[in-house]
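The next block holds one structure in the form of structure tokens; read it before the comments.
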Amino acid sequence: VLSKAFGTILHETYRVPWSKIHIIPGGVDISHFQPNLNRQDARSQLNWPQDRLILFTPRRLVHRMGLDKLITAVLQVKKHVPELWLAIAGKGPLRETLEQQVRDLSLEDNVKFLGFLPDEDLPVAYQAANLTVMPSQSLEGFGLVLLESLACGTPALCTPVGGMPEVVEPFYPALVTQSADENAIAERLIDFLTGRLELPSREACREYAVNNFDWTAIAPRVREVLLAPKEA
């Protein structure tokens with residue numbers, strides 16, 4: 001399984017013994033997701049504003065992803081960081097509802113729906129952002145987006161849901177919010193974007209991802225488990 005959190009579900013809910021559970025994290029393609037552009041050039045490629053603090057989140061637009069919570073958090077953060085700009089990539093059934101929420105909160109200048117973002121543009125988008133945000137509310141087994149962002153040199157903030165804390169806590173505990181609600185998300189965003197808390201450097205993010213989640217090192221661990229002799 002990808003995380004201790006998922007392993008615990010297997011053990012406690014489905015009574016799978018721990019001896020049969022192998023915890024191997026997901027991996028990231030560090031050659032595809034890499035910091036090969038400066039932030040200004042990345043923003044130019046995507047036609048994103050150069051003079052804003054930018055949050056990025058690639059998410060399917062469904063309830064469990066917590067985008068409504070993030071948009072509400074943006075309203076709070078805007079009071080401290082007026083130039084904040086949130087770019088949301090992805091498609092899904094909640095788009096119209098979320099767009100209406102943005103209008104109701106008068107956040108049209110602070111939130112942009114990008115729609116589907118091609119795979120080749122994802123590394124560019126991570127590098128264009130100051131911070132990636134994963135505001136998931138449930139069912140987040142691992143959180144590959146976190147790894148992709150870190151491999152591109154961009155810090156990634158997440159809620160304490162599923163396996164996501166296991167990805168970023170060993171690296172930088174402050175990148176996990178206190179809870180999954182909008183107030184906790186807003187509080188931590190304000191801390192980082194106003195400089196109350198320092199974000200980890202681009203180099204540190206990249207080094208952590210490469211040293212711990214390079215897919216070429218993770219894949220052999222999966223192979224070892226799959227090919228291990230089975231008990232009679």
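In the structure tokens, chains take letters A, B, ... by order of appearance, with residues numbered from 1 within each chain and ligands from 1 in the order shown.
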Discussion item. List the spatial neighbours of A:Cys158 as a PyMOL selection string - criterion: any atom at most 12 Å away, only C-alpha atoms, same-chain residues fewer than 3 positions off excluded.
Written reply: chain A and resi 57+65-66+70+131-138+140+142-147+149+155+161-169+172-182+184-186+188-189
How would the residues just chosen look if you wrote them out with N, CA and C atoms as a CSV table (one decimal), in the first residue's frame?
chain,number,residue,atom,x,y,z
A,57,THR,N,-3.4,24.5,-7.6
A,57,THR,CA,-4.0,23.2,-7.2
A,57,THR,C,-4.5,22.5,-8.4
A,65,MET,N,-12.4,17.0,-2.7
A,65,MET,CA,-11.1,17.7,-3.0
A,65,MET,C,-11.0,19.0,-2.2
A,66,GLY,N,-12.1,19.4,-1.6
A,66,GLY,CA,-12.0,20.6,-0.7
A,66,GLY,C,-11.8,21.9,-1.4
A,70,LEU,N,-11.0,25.8,0.1
A,70,LEU,CA,-9.9,26.6,-0.3
A,70,LEU,C,-10.3,28.0,-0.8
A,131,LEU,N,3.3,28.4,-4.2
A,131,LEU,CA,2.9,27.3,-3.3
A,131,LEU,C,1.8,26.5,-4.0
A,132,THR,N,1.9,25.1,-3.9
A,132,THR,CA,0.9,24.2,-4.3
A,132,THR,C,0.0,23.9,-3.1
A,133,VAL,N,-1.3,23.8,-3.3
A,133,VAL,CA,-2.2,23.5,-2.2
A,133,VAL,C,-3.1,22.3,-2.4
A,134,MET,N,-3.1,21.4,-1.5
A,134,MET,CA,-4.0,20.2,-1.6
A,134,MET,C,-4.9,20.2,-0.4
A,135,PRO,N,-6.2,20.8,-0.6
A,135,PRO,CA,-7.1,20.9,0.5
A,135,PRO,C,-8.1,19.8,0.7
A,136,SER,N,-7.6,18.6,0.4
A,136,SER,CA,-8.5,17.4,0.4
A,136,SER,C,-9.2,17.2,1.8
A,137,GLN,N,-10.5,16.7,1.7
A,137,GLN,CA,-11.3,16.5,2.9
A,137,GLN,C,-11.4,15.0,3.2
A,138,SER,N,-11.2,14.1,2.3
A,138,SER,CA,-11.3,12.7,2.5
A,138,SER,C,-10.7,11.9,1.4
A,140,GLU,N,-7.9,10.6,0.5
A,140,GLU,CA,-6.6,10.9,-0.2
A,140,GLU,C,-5.6,9.9,0.3
A,142,PHE,N,-2.7,8.9,-0.9
A,142,PHE,CA,-1.3,9.3,-0.9
A,142,PHE,C,-1.0,10.7,-1.2
A,143,GLY,N,-1.4,11.2,-2.3
A,143,GLY,CA,-1.2,12.6,-2.7
A,143,GLY,C,0.0,12.8,-3.6
A,144,LEU,N,-0.1,12.2,-4.8
A,144,LEU,CA,1.0,12.3,-5.8
A,144,LEU,C,1.3,13.7,-6.2
A,145,VAL,N,0.3,14.6,-6.2
A,145,VAL,CA,0.5,16.0,-6.5
A,145,VAL,C,1.6,16.6,-5.6
A,146,LEU,N,1.6,16.3,-4.4
A,146,LEU,CA,2.6,16.8,-3.5
A,146,LEU,C,4.0,16.5,-4.0
A,147,LEU,N,4.2,15.3,-4.4
A,147,LEU,CA,5.6,14.9,-4.9
A,147,LEU,C,5.9,15.6,-6.2
A,149,SER,N,5.0,18.5,-7.2
A,149,SER,CA,5.3,19.9,-6.9
A,149,SER,C,6.7,20.0,-6.3
A,155,PRO,N,7.1,24.3,-2.9
A,155,PRO,CA,6.6,23.7,-1.6
A,155,PRO,C,5.1,23.4,-1.9
A,161,VAL,N,-5.1,14.7,6.0
A,161,VAL,CA,-6.0,13.7,5.5
A,161,VAL,C,-5.3,12.6,4.8
A,162,GLY,N,-5.7,11.4,5.1
A,162,GLY,CA,-5.1,10.2,4.5
A,162,GLY,C,-3.6,10.1,4.6
A,163,GLY,N,-3.0,9.7,3.5
A,163,GLY,CA,-1.5,9.6,3.5
A,163,GLY,C,-0.7,10.8,3.3
A,164,MET,N,-1.4,11.9,3.0
A,164,MET,CA,-0.6,13.1,2.6
A,164,MET,C,0.4,13.6,3.7
A,165,PRO,N,0.0,13.6,5.0
A,165,PRO,CA,1.0,14.1,6.0
A,165,PRO,C,2.3,13.2,6.0
A,166,GLU,N,2.1,11.9,5.6
A,166,GLU,CA,3.3,11.1,5.6
A,166,GLU,C,4.3,11.5,4.5
A,167,VAL,N,3.8,12.2,3.5
A,167,VAL,CA,4.7,12.7,2.4
A,167,VAL,C,5.5,13.9,2.8
A,168,VAL,N,4.8,14.9,3.4
A,168,VAL,CA,5.5,16.2,3.7
A,168,VAL,C,6.0,16.4,5.1
A,169,GLU,N,5.3,15.7,6.1
A,169,GLU,CA,5.7,16.0,7.5
A,169,GLU,C,7.2,15.7,7.8
A,172,TYR,N,8.9,18.9,6.2
A,172,TYR,CA,8.6,20.3,6.7
A,172,TYR,C,7.3,20.2,7.3
A,173,PRO,N,7.2,20.0,8.6
A,173,PRO,CA,5.9,19.7,9.3
A,173,PRO,C,4.9,20.9,9.1
A,174,ALA,N,5.3,22.1,9.0
A,174,ALA,CA,4.4,23.2,8.8
A,174,ALA,C,3.6,23.2,7.5
A,175,LEU,N,4.0,22.3,6.6
A,175,LEU,CA,3.3,22.2,5.3
A,175,LEU,C,2.0,21.4,5.5
A,176,VAL,N,1.7,20.9,6.7
A,176,VAL,CA,0.5,20.2,7.0
A,176,VAL,C,-0.4,21.1,7.9
A,177,THR,N,-1.6,21.5,7.5
A,177,THR,CA,-2.5,22.3,8.2
A,177,THR,C,-2.9,21.6,9.5
A,178,GLN,N,-3.4,22.4,10.5
A,178,GLN,CA,-3.9,21.9,11.8
A,178,GLN,C,-5.1,21.0,11.6
A,179,SER,N,-6.0,21.4,10.7
A,179,SER,CA,-7.2,20.6,10.4
A,179,SER,C,-7.5,20.8,8.9
A,180,ALA,N,-8.6,20.2,8.5
A,180,ALA,CA,-9.0,20.3,7.0
A,180,ALA,C,-10.0,21.4,6.8
A,181,ASP,N,-10.4,22.2,7.8
A,181,ASP,CA,-11.4,23.2,7.6
A,181,ASP,C,-10.7,24.5,7.0
A,182,GLU,N,-11.6,25.4,6.5
A,182,GLU,CA,-11.1,26.6,5.8
A,182,GLU,C,-10.3,27.5,6.7
A,184,ALA,N,-8.3,26.7,9.2
A,184,ALA,CA,-6.9,26.2,9.3
A,184,ALA,C,-6.1,26.4,8.1
A,185,ILE,N,-6.8,26.2,6.9
A,185,ILE,CA,-6.1,26.4,5.6
A,185,ILE,C,-5.7,27.8,5.5
A,186,ALA,N,-6.6,28.7,5.8
A,186,ALA,CA,-6.4,30.2,5.7
A,186,ALA,C,-5.3,30.6,6.6
A,188,ARG,N,-2.7,28.9,7.8
A,188,ARG,CA,-1.4,28.5,7.4
A,188,ARG,C,-0.9,29.3,6.1
A,189,LEU,N,-1.9,29.5,5.2
A,189,LEU,CA,-1.6,30.3,4.0
A,189,LEU,C,-1.1,31.7,4.4
Worksheet entry | Filtered DSSP result for stretch 2-218 of chain A, state alpha helix (DSSP H), as an MDAnalysis selection string | chainID A and resid 4:14 39:46 67:78 95:104 122:128 144:151 164:168 182:193 202:213 215:218
Would you write out those residues with C-alpha atoms, as an mmCIF file, in the first residue's frame?
data_model
loop_
_atom_site.group_PDB
_atom_site.id
_atom_site.type_symbol
_atom_site.label_atom_id
_atom_site.label_comp_id
_atom_site.auth_asym_id
_atom_site.auth_seq_id
_atom_site.Cartn_x
_atom_site.Cartn_y
_atom_site.Cartn_z
ATOM 1 C CA LYS A 4 0.514 3.883 6.722
ATOM 2 C CA ALA A 5 -2.944 5.451 6.776
ATOM 3 C CA PHE A 6 -4.171 3.071 4.080
ATOM 4 C CA GLY A 7 -2.419 0.159 5.778
ATOM 5 C CA THR A 8 -4.256 0.956 9.003
ATOM 6 C CA ILE A 9 -7.595 0.817 7.171
ATOM 7 C CA LEU A 10 -6.715 -2.590 5.718
ATOM 8 C CA HIS A 11 -5.674 -3.858 9.136
ATOM 9 C CA GLU A 12 -8.461 -2.413 11.286
ATOM 10 C CA THR A 13 -11.400 -2.552 8.875
ATOM 11 C CA TYR A 14 -10.583 -5.611 6.786
ATOM 12 C CA ARG A 39 9.355 31.386 -11.964
ATOM 13 C CA GLN A 40 9.146 34.338 -14.336
ATOM 14 C CA ASP A 41 9.704 32.212 -17.440
ATOM 15 C CA ALA A 42 7.219 29.594 -16.247
ATOM 16 C CA ARG A 43 4.583 32.283 -15.757
ATOM 17 C CA SER A 44 5.306 33.730 -19.176
ATOM 18 C CA GLN A 45 4.774 30.331 -20.811
ATOM 19 C CA LEU A 46 1.350 30.019 -19.178
ATOM 20 C CA LEU A 67 -11.911 23.308 -3.325
ATOM 21 C CA ASP A 68 -14.892 25.066 -1.752
ATOM 22 C CA LYS A 69 -12.923 25.234 1.511
ATOM 23 C CA LEU A 70 -9.887 26.603 -0.312
ATOM 24 C CA ILE A 71 -11.920 29.292 -2.062
ATOM 25 C CA THR A 72 -13.430 30.362 1.262
ATOM 26 C CA ALA A 73 -9.897 30.420 2.713
ATOM 27 C CA VAL A 74 -8.783 32.686 -0.139
ATOM 28 C CA LEU A 75 -11.375 35.241 0.994
ATOM 29 C CA GLN A 76 -9.677 35.345 4.406
ATOM 30 C CA VAL A 77 -6.151 35.386 3.003
ATOM 31 C CA LYS A 78 -6.998 38.224 0.607
ATOM 32 C CA ARG A 95 -17.237 23.665 -11.792
ATOM 33 C CA GLU A 96 -20.398 25.743 -12.121
ATOM 34 C CA THR A 97 -21.014 25.594 -8.374
ATOM 35 C CA LEU A 98 -17.458 26.662 -7.579
ATOM 36 C CA GLU A 99 -17.554 29.447 -10.157
ATOM 37 C CA GLN A 100 -20.765 30.724 -8.551
ATOM 38 C CA GLN A 101 -19.066 30.615 -5.147
ATOM 39 C CA VAL A 102 -16.242 32.752 -6.526
ATOM 40 C CA ARG A 103 -18.747 35.285 -7.866
ATOM 41 C CA ASP A 104 -20.719 35.320 -4.619
ATOM 42 C CA LEU A 122 1.957 20.543 -15.243
ATOM 43 C CA PRO A 123 5.670 20.950 -14.413
ATOM 44 C CA VAL A 124 5.507 24.501 -15.766
ATOM 45 C CA ALA A 125 2.493 25.311 -13.585
ATOM 46 C CA TYR A 126 4.159 23.962 -10.451
ATOM 47 C CA GLN A 127 7.218 26.111 -11.135
ATOM 48 C CA ALA A 128 5.089 29.181 -11.824
ATOM 49 C CA LEU A 144 1.028 12.308 -5.768
ATOM 50 C CA VAL A 145 0.521 16.011 -6.528
ATOM 51 C CA LEU A 146 2.630 16.806 -3.466
ATOM 52 C CA LEU A 147 5.566 14.854 -4.890
ATOM 53 C CA GLU A 148 5.207 16.367 -8.343
ATOM 54 C CA SER A 149 5.296 19.864 -6.888
ATOM 55 C CA LEU A 150 8.243 19.188 -4.592
ATOM 56 C CA ALA A 151 10.183 17.577 -7.451
ATOM 57 C CA MET A 164 -0.638 13.149 2.640
ATOM 58 C CA PRO A 165 1.009 14.057 5.973
ATOM 59 C CA GLU A 166 3.322 11.075 5.550
ATOM 60 C CA VAL A 167 4.673 12.705 2.394
ATOM 61 C CA VAL A 168 5.489 16.178 3.693
ATOM 62 C CA GLU A 182 -11.127 26.562 5.771
ATOM 63 C CA ASN A 183 -9.936 28.465 8.850
ATOM 64 C CA ALA A 184 -6.934 26.193 9.334
ATOM 65 C CA ILE A 185 -6.097 26.369 5.627
ATOM 66 C CA ALA A 186 -6.377 30.169 5.664
ATOM 67 C CA GLU A 187 -4.285 30.509 8.813
ATOM 68 C CA ARG A 188 -1.376 28.519 7.406
ATOM 69 C CA LEU A 189 -1.554 30.274 4.032
ATOM 70 C CA ILE A 190 -1.411 33.639 5.770
ATOM 71 C CA ASP A 191 1.565 32.469 7.826
ATOM 72 C CA PHE A 192 3.504 31.485 4.712
ATOM 73 C CA LEU A 193 2.439 34.256 2.343
ATOM 74 C CA ARG A 202 13.429 25.330 -4.127
ATOM 75 C CA GLU A 203 16.626 23.337 -3.703
ATOM 76 C CA ALA A 204 15.433 21.696 -0.472
ATOM 77 C CA CYS A 205 12.100 20.679 -2.032
ATOM 78 C CA ARG A 206 13.795 19.114 -5.026
ATOM 79 C CA GLU A 207 16.419 17.316 -2.951
ATOM 80 C CA TYR A 208 13.783 15.789 -0.648
ATOM 81 C CA ALA A 209 11.713 14.495 -3.566
ATOM 82 C CA VAL A 210 14.723 13.050 -5.391
ATOM 83 C CA ASN A 211 16.215 11.392 -2.306
ATOM 84 C CA ASN A 212 12.987 9.799 -1.110
ATOM 85 C CA PHE A 213 10.524 9.348 -3.979
ATOM 86 C CA TRP A 215 10.336 6.300 -9.121
ATOM 87 C CA THR A 216 13.428 4.417 -10.307
ATOM 88 C CA ALA A 217 14.160 3.635 -6.633
ATOM 89 C CA ILE A 218 10.537 2.976 -5.632
#
Practice prompt. One decimal, Å: what's the distance from atom CA of A:Lys20 over to atom CA of A:Pro229, could you say?
Written response: 12.3 Å
Worksheet item: In Å, how far is it from atom CA of A:Leu86 to atom CA of A:Asp109?
Response: 9.3 Å
Worksheet item: Can you tell me how far atom CA of A:Ser106 sits from atom CA of A:Trp85, in Å to one decimal?
Response: 13.1 Å
Worksheet item: Got a sec to tell me which of chain A DSSP assigns to strand (DSSP E or B), as JSON, numbers by chain?
Response: {"A": [28, 53, 54, 55, 56, 57, 58, 84, 85, 86, 87, 88, 89, 111, 112, 113, 114, 115, 131, 132, 133, 134, 156, 157, 158, 176, 214]}
Worksheet item: Using only C-alpha atoms, which residues sit within 10 Å of A:Arg221 once same-chain residues fewer than 5 positions away are excluded, as a list in words?
Response: His22, Ile23, Ile24, Pro25, Trp215, Thr216 and Leu226 of chain A
Export of the given selection (C-alpha atoms) as a JSON list (two decimals), in the first residue's frame:
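In the end it all went to selection-v2.json:
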[["chain", "number", "residue", "atom", "x", "y", "z"],
["A", 22, "HIS", "CA", 3.90, -3.71, 2.83],
["A", 23, "ILE", "CA", 4.03, 0.09, 2.91],
["A", 24, "ILE", "CA", 5.78, 1.48, -0.16],
["A", 25, "PRO", "CA", 5.19, 5.13, -1.05],
["A", 215, "TRP", "CA", 10.34, 6.30, -9.12],
["A", 216, "THR", "CA", 13.43, 4.42, -10.31],
["A", 226, "LEU", "CA", 5.28, -8.82, -5.97]]
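Between A:Lys112 and the candidates A:Leu55, A:Leu61, A:Ile30, A:Cys152, the tightest atom-to-atom separation, counting only C-alpha atoms, involves A:Leu55.
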